[in-house]
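Peer 1: Can you keep this structure in mind? I'll have questions shortly.
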Amino acid sequence: GNSVTQMEGPVTLSEEAFLTINCTYTATGYPSLFWYVQYPGEGLQLLLKATKADDKGSNKGFEATYRKETTSFHLEKGSVQVSDSAVYFCALSENTNAGKSTFGDGTTLTVKP
Amino acid sequence: GAVVSQHPSWVICKSGTSVKIECRSLDFQATTMFWYRQFPKKSLMLMATSNEGSKATYEQGVEKDKFLINHASLTLSTLTVTSAHPEDSSFYICSAGEGGDTQYFGPGTRLTVL
């Protein structure tokens with residue numbers, strides 16, 4: 001079956017620091033890969049996605065590249081802000097199942113001023 | 001962009017009562033919606049796949065008689081927690097898609113059973 005493994009948190013950084021959150025996956029087919037962000041008390045928001053190998057998803061300064069050879073989709077941001085503090089989820093979706101998704105356990109990021 | 005709403009956003013009920021949570025796709029039609037449960041500081045656990053006009057598909061270990069799902073139209077799915085108990089207290093999230101690989105998530109419903 002499909003699975004997603006995320007770097008364990010929590011992660012605490014100072015403002016303007018570089019962020020990496022590791023994500024690796026196992027899938028039987030050719031999934032699409034996603035990063036979602038969840039702010040306290042809210043649902044999930046799509047942060048970025050990539051649908052095939054070597055695609056780079058980007059949004060709000062965050063980037064992640066679909067690496068088929070290493071089955072990875074690491075999230076990066078060059079300079080984090082306090083407002084980036086949230087829980088980040090890596091996920092995959094098989095295109096053949098109406099978007100049914102498998103999630104990682106989530107990584108809590110806290111950015112201090 | 002695609003918007004999914006949930007109602008209510010939070011609910012408190014007494015043990016033994018039933019609670020209905022609605023999930024609506026506001027600006028698109030969704031033949032399939034998904035219901036998730038999230039425990040504090042944990043990931044999302046898929047409970048069931050809600051299919052318009054047919055029975056829901058439940059994940060292993062999820063009691064279908066306790067968590068009733070009805071997908072009455074292309075824009076509405078409901079989750080009813082029957083005879084709720086304190087252990088059912090959780091954050092329930094739905095998602096819907098337009099047919100591709102991307103899901104749009106509702107804001108979640110916080111259920112507290114006393």
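The chains in the structure tokens are called A, B, ... from first to last as shown; in each chain the residues are counted from 1, and the ligands are counted from 1 in the order shown.
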Please report, as a tab-separated table, each residue of chain B lying at most 10 Å from chain A, together with the nearest pair of atoms and the separation in Å rounded to one decimal; use only C-alpha atoms, and order rows by chain and ascending residue number.
Peer 2:
```
residue	atom	partner	partner_atom	distance
B:Gln6	CA	A:Gly43	CA	9.9
B:Ser9	CA	A:Glu42	CA	9.4
B:Ala30	CA	A:Ala98	CA	9.7
B:Thr31	CA	A:Ala98	CA	8.8
B:Thr32	CA	A:Ala98	CA	6.8
B:Met33	CA	A:Ala98	CA	8.7
B:Phe34	CA	A:Lys100	CA	7.5
B:Lys41	CA	A:Gly106	CA	8.2
B:Lys42	CA	A:Asp105	CA	6.3
B:Ser43	CA	A:Asp105	CA	4.6
B:Leu44	CA	A:Phe103	CA	6.7
B:Met45	CA	A:Phe103	CA	8.2
B:Leu46	CA	A:Thr102	CA	8.2
B:Ala48	CA	A:Lys100	CA	9.9
B:Thr49	CA	A:Lys100	CA	8.1
B:Phe91	CA	A:Gly41	CA	8.9
B:Tyr92	CA	A:Gly43	CA	9.1
B:Ile93	CA	A:Gly43	CA	6.8
B:Cys94	CA	A:Gly43	CA	8.8
B:Ser95	CA	A:Leu44	CA	9.3
B:Ala96	CA	A:Gly99	CA	8.4
B:Gly97	CA	A:Gly99	CA	6.7
B:Glu98	CA	A:Ala98	CA	8.4
B:Gly99	CA	A:Ala98	CA	5.8
B:Gly100	CA	A:Gly99	CA	6.3
B:Asp101	CA	A:Gly99	CA	4.3
B:Thr102	CA	A:Gly99	CA	5.9
B:Gln103	CA	A:Gly99	CA	6.1
B:Tyr104	CA	A:Leu46	CA	7.4
B:Phe105	CA	A:Leu44	CA	5.8
B:Gly106	CA	A:Gly43	CA	5.9
B:Pro107	CA	A:Gly43	CA	4.0
B:Gly108	CA	A:Gly43	CA	5.1
B:Thr109	CA	A:Gly43	CA	8.7
B:Arg110	CA	A:Gly41	CA	8.5
```
Peer 1: Filtering to N, CA and C atoms, could you give me those residues as a short mmCIF file (atom, residue, chain, number, x, y, z; two decimals), in the first residue's frame?
Peer 2:
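Ended up saving to part02.cif:
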```cif
data_model
loop_
_atom_site.label_atom_id
_atom_site.label_comp_id
_atom_site.auth_asym_id
_atom_site.auth_seq_id
_atom_site.Cartn_x
_atom_site.Cartn_y
_atom_site.Cartn_z
N GLN B 6 -17.96 23.48 5.85
CA GLN B 6 -18.48 22.51 6.80
C GLN B 6 -19.34 23.23 7.82
N SER B 9 -19.09 24.47 12.70
CA SER B 9 -17.64 24.50 12.88
C SER B 9 -17.26 23.89 14.22
N ALA B 30 -19.05 17.59 -6.79
CA ALA B 30 -18.14 16.56 -6.33
C ALA B 30 -18.86 15.22 -6.24
N THR B 31 -18.52 14.30 -7.12
CA THR B 31 -19.14 12.98 -7.04
C THR B 31 -18.57 12.18 -5.89
N THR B 32 -17.38 12.56 -5.45
CA THR B 32 -16.72 11.87 -4.35
C THR B 32 -16.24 12.88 -3.31
N MET B 33 -16.54 12.58 -2.06
CA MET B 33 -16.01 13.36 -0.95
C MET B 33 -15.39 12.39 0.05
N PHE B 34 -14.48 12.91 0.84
CA PHE B 34 -13.80 12.07 1.83
C PHE B 34 -14.01 12.65 3.22
N LYS B 41 -2.78 16.85 17.61
CA LYS B 41 -1.37 16.72 17.24
C LYS B 41 -1.09 15.44 16.47
N LYS B 42 -2.09 14.97 15.76
CA LYS B 42 -1.93 13.77 14.95
C LYS B 42 -2.30 14.04 13.50
N SER B 43 -2.02 13.06 12.66
CA SER B 43 -2.34 13.23 11.25
C SER B 43 -3.81 12.93 10.99
N LEU B 44 -4.20 13.07 9.74
CA LEU B 44 -5.58 12.79 9.36
C LEU B 44 -5.75 11.30 9.12
N MET B 45 -6.83 10.76 9.67
CA MET B 45 -7.14 9.36 9.45
C MET B 45 -8.37 9.30 8.54
N LEU B 46 -8.22 8.69 7.38
CA LEU B 46 -9.35 8.57 6.47
C LEU B 46 -10.38 7.63 7.08
N ALA B 48 -13.82 7.37 5.57
CA ALA B 48 -14.67 6.80 4.53
C ALA B 48 -14.65 7.66 3.28
N THR B 49 -15.01 7.03 2.19
CA THR B 49 -15.19 7.70 0.91
C THR B 49 -16.68 7.80 0.65
N PHE B 91 -11.68 16.16 15.82
CA PHE B 91 -11.80 17.15 14.76
C PHE B 91 -12.10 16.38 13.48
N TYR B 92 -13.24 16.66 12.89
CA TYR B 92 -13.66 15.95 11.69
C TYR B 92 -13.51 16.88 10.48
N ILE B 93 -12.84 16.38 9.45
CA ILE B 93 -12.56 17.19 8.26
C ILE B 93 -13.05 16.45 7.03
N CYS B 94 -13.68 17.19 6.12
CA CYS B 94 -14.08 16.59 4.86
C CYS B 94 -13.26 17.19 3.73
N SER B 95 -13.22 16.50 2.62
CA SER B 95 -12.58 17.04 1.43
C SER B 95 -13.37 16.64 0.20
N ALA B 96 -13.21 17.41 -0.85
CA ALA B 96 -13.90 17.13 -2.11
C ALA B 96 -12.99 17.51 -3.26
N GLY B 97 -13.18 16.82 -4.37
CA GLY B 97 -12.39 17.13 -5.55
C GLY B 97 -13.27 17.29 -6.77
N GLU B 98 -12.69 17.83 -7.79
CA GLU B 98 -13.44 18.05 -9.04
C GLU B 98 -13.23 16.92 -10.03
N GLY B 99 -12.56 15.86 -9.59
CA GLY B 99 -12.35 14.72 -10.47
C GLY B 99 -10.90 14.44 -10.75
N GLY B 100 -10.02 15.37 -10.43
CA GLY B 100 -8.60 15.14 -10.64
C GLY B 100 -7.94 14.63 -9.38
N ASP B 101 -6.68 14.95 -9.24
CA ASP B 101 -5.93 14.43 -8.10
C ASP B 101 -5.93 15.37 -6.90
N THR B 102 -6.48 16.56 -7.04
CA THR B 102 -6.40 17.55 -5.97
C THR B 102 -7.67 17.57 -5.15
N GLN B 103 -7.50 17.54 -3.84
CA GLN B 103 -8.61 17.62 -2.91
C GLN B 103 -8.63 19.01 -2.26
N TYR B 104 -9.84 19.50 -2.02
CA TYR B 104 -10.03 20.76 -1.32
C TYR B 104 -10.69 20.44 0.00
N PHE B 105 -10.11 20.98 1.06
CA PHE B 105 -10.54 20.59 2.38
C PHE B 105 -11.46 21.63 3.01
N GLY B 106 -12.42 21.11 3.78
CA GLY B 106 -13.26 21.98 4.57
C GLY B 106 -12.49 22.46 5.79
N PRO B 107 -13.05 23.44 6.50
CA PRO B 107 -12.36 24.03 7.65
C PRO B 107 -12.40 23.15 8.90
N GLY B 108 -13.15 22.06 8.84
CA GLY B 108 -13.19 21.15 9.99
C GLY B 108 -14.33 21.44 10.94
N THR B 109 -14.72 20.41 11.68
CA THR B 109 -15.75 20.52 12.72
C THR B 109 -15.20 19.92 14.00
N ARG B 110 -15.19 20.72 15.05
CA ARG B 110 -14.72 20.25 16.36
C ARG B 110 -15.90 19.67 17.12
#
```
Peer 1: In stretch 3-97 of chain B, what's strand (DSSP E or B) per DSSP? Answer as a PyMOL selection string?
Peer 2: chain B and resi 4-7+10-13+19-25+32-38+44-51+57-58+67-73+76-81+90-97
Peer 1: Would you save the residues from that selection as a PDB file, in the first residue's frame, using C-alpha atoms?
Peer 2:
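Output saved as result-v5.pdb:
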```
ATOM      1  CA  VAL B   4     -15.529  23.501   0.635  1.00  0.00           C
ATOM      2  CA  SER B   5     -17.543  24.442   3.690  1.00  0.00           C
ATOM      3  CA  GLN B   6     -18.476  22.506   6.805  1.00  0.00           C
ATOM      4  CA  HIS B   7     -21.244  23.090   9.272  1.00  0.00           C
ATOM      5  CA  TRP B  10     -17.937  23.239  16.426  1.00  0.00           C
ATOM      6  CA  VAL B  11     -20.534  21.324  18.413  1.00  0.00           C
ATOM      7  CA  ILE B  12     -20.902  20.145  21.974  1.00  0.00           C
ATOM      8  CA  CYS B  13     -23.362  17.382  22.723  1.00  0.00           C
ATOM      9  CA  VAL B  19     -24.721  14.779  15.690  1.00  0.00           C
ATOM     10  CA  LYS B  20     -24.875  15.613  11.996  1.00  0.00           C
ATOM     11  CA  ILE B  21     -22.014  17.372  10.195  1.00  0.00           C
ATOM     12  CA  GLU B  22     -22.485  18.798   6.715  1.00  0.00           C
ATOM     13  CA  CYS B  23     -19.863  19.150   4.015  1.00  0.00           C
ATOM     14  CA  ARG B  24     -20.636  21.267   0.968  1.00  0.00           C
ATOM     15  CA  SER B  25     -18.728  22.033  -2.199  1.00  0.00           C
ATOM     16  CA  THR B  32     -16.721  11.872  -4.349  1.00  0.00           C
ATOM     17  CA  MET B  33     -16.014  13.361  -0.949  1.00  0.00           C
ATOM     18  CA  PHE B  34     -13.805  12.068   1.827  1.00  0.00           C
ATOM     19  CA  TRP B  35     -14.258  12.172   5.581  1.00  0.00           C
ATOM     20  CA  TYR B  36     -11.257  12.328   7.912  1.00  0.00           C
ATOM     21  CA  ARG B  37     -10.790  12.315  11.623  1.00  0.00           C
ATOM     22  CA  GLN B  38      -7.902  14.092  13.290  1.00  0.00           C
ATOM     23  CA  LEU B  44      -5.578  12.787   9.359  1.00  0.00           C
ATOM     24  CA  MET B  45      -7.144   9.362   9.453  1.00  0.00           C
ATOM     25  CA  LEU B  46      -9.352   8.569   6.472  1.00  0.00           C
ATOM     26  CA  MET B  47     -12.698   7.295   7.713  1.00  0.00           C
ATOM     27  CA  ALA B  48     -14.673   6.799   4.534  1.00  0.00           C
ATOM     28  CA  THR B  49     -15.193   7.703   0.912  1.00  0.00           C
ATOM     29  CA  SER B  50     -18.577   9.248   0.246  1.00  0.00           C
ATOM     30  CA  ASN B  51     -20.027   8.508  -3.183  1.00  0.00           C
ATOM     31  CA  THR B  57     -16.905   3.000   1.387  1.00  0.00           C
ATOM     32  CA  TYR B  58     -15.529   2.709   4.903  1.00  0.00           C
ATOM     33  CA  PHE B  67     -20.637   6.943  11.429  1.00  0.00           C
ATOM     34  CA  LEU B  68     -23.462   7.261   8.913  1.00  0.00           C
ATOM     35  CA  ILE B  69     -22.593   8.942   5.652  1.00  0.00           C
ATOM     36  CA  ASN B  70     -25.101  10.225   3.139  1.00  0.00           C
ATOM     37  CA  HIS B  71     -24.090  11.837  -0.148  1.00  0.00           C
ATOM     38  CA  ALA B  72     -27.466  13.106  -1.279  1.00  0.00           C
ATOM     39  CA  SER B  73     -26.341  15.472  -4.018  1.00  0.00           C
ATOM     40  CA  LEU B  76     -23.515  17.841  -0.150  1.00  0.00           C
ATOM     41  CA  SER B  77     -22.305  14.983   2.021  1.00  0.00           C
ATOM     42  CA  THR B  78     -23.294  14.485   5.635  1.00  0.00           C
ATOM     43  CA  LEU B  79     -21.630  12.565   8.439  1.00  0.00           C
ATOM     44  CA  THR B  80     -23.832  11.578  11.364  1.00  0.00           C
ATOM     45  CA  VAL B  81     -22.165  10.396  14.537  1.00  0.00           C
ATOM     46  CA  SER B  90     -12.377  14.803  17.683  1.00  0.00           C
ATOM     47  CA  PHE B  91     -11.800  17.147  14.765  1.00  0.00           C
ATOM     48  CA  TYR B  92     -13.657  15.947  11.689  1.00  0.00           C
ATOM     49  CA  ILE B  93     -12.564  17.192   8.262  1.00  0.00           C
ATOM     50  CA  CYS B  94     -14.076  16.586   4.856  1.00  0.00           C
ATOM     51  CA  SER B  95     -12.577  17.045   1.425  1.00  0.00           C
ATOM     52  CA  ALA B  96     -13.898  17.126  -2.109  1.00  0.00           C
ATOM     53  CA  GLY B  97     -12.385  17.132  -5.553  1.00  0.00           C
TER      54      GLY B  97
END
```
Peer 1: Based on DSSP run over this structure's backbone, return all residues of stretch 21-102 of chain A in helix (DSSP H, G or I), as an MDAnalysis selection string.
Peer 2: chainID A and resid 82:84 95:97
Peer 1: Can you pull out every residue within 6 Å of B:Ser15, counting only C-alpha atoms, but drop anything in the same chain fewer than 5 positions away, and send it as a tab-separated table (two decimals) with all heavy atoms, in the first residue's frame?
Peer 2:
```tsv
chain	number	residue	atom	x	y	z
B	84	ALA	N	-23.35	9.28	20.23
B	84	ALA	CA	-21.98	9.74	20.46
B	84	ALA	C	-21.53	9.50	21.90
B	84	ALA	O	-22.32	9.60	22.84
B	84	ALA	CB	-21.88	11.22	20.11
B	85	HIS	N	-20.25	9.19	22.04
B	85	HIS	CA	-19.64	9.01	23.35
B	85	HIS	C	-18.39	9.87	23.43
B	85	HIS	O	-17.87	10.31	22.40
B	85	HIS	CB	-19.31	7.54	23.58
B	85	HIS	CG	-20.51	6.70	23.81
B	85	HIS	ND1	-21.16	6.04	22.79
B	85	HIS	CD2	-21.22	6.44	24.93
B	85	HIS	CE1	-22.21	5.40	23.28
B	85	HIS	NE2	-22.27	5.62	24.57
B	113	VAL	N	-17.97	15.61	22.99
B	113	VAL	CA	-19.07	14.85	23.58
B	113	VAL	C	-18.86	14.80	25.09
B	113	VAL	O	-17.82	14.34	25.56
B	113	VAL	CB	-19.14	13.43	23.01
B	113	VAL	CG1	-20.36	12.70	23.57
B	113	VAL	CG2	-19.18	13.46	21.48
B	114	LEU	N	-19.86	15.29	25.82
B	114	LEU	CA	-19.71	15.36	27.27
B	114	LEU	C	-20.17	14.08	27.96
B	114	LEU	O	-21.00	13.34	27.42
B	114	LEU	CB	-20.53	16.55	27.80
B	114	LEU	CG	-20.13	17.92	27.21
B	114	LEU	CD1	-21.06	19.00	27.74
B	114	LEU	CD2	-18.69	18.23	27.54
```
Peer 1: I need the residue nearest A:Glu63 from this list: A:Val82, A:Ala50, A:Ala27, A:Met7. Use only C-alpha atoms for the distance.
Peer 2: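 Comparing A:Val82, A:Ala50, A:Ala27, A:Met7 against A:Glu63, the winner is A:Ala50.
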Peer 1: Of the residues A:Ser85, A:Thr28, A:Thr110, A:Ser14, which is the one nearest to A:Gly1, using only C-alpha atoms?
Peer 2: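 Closest to A:Gly1 of all the choices is A:Thr28.
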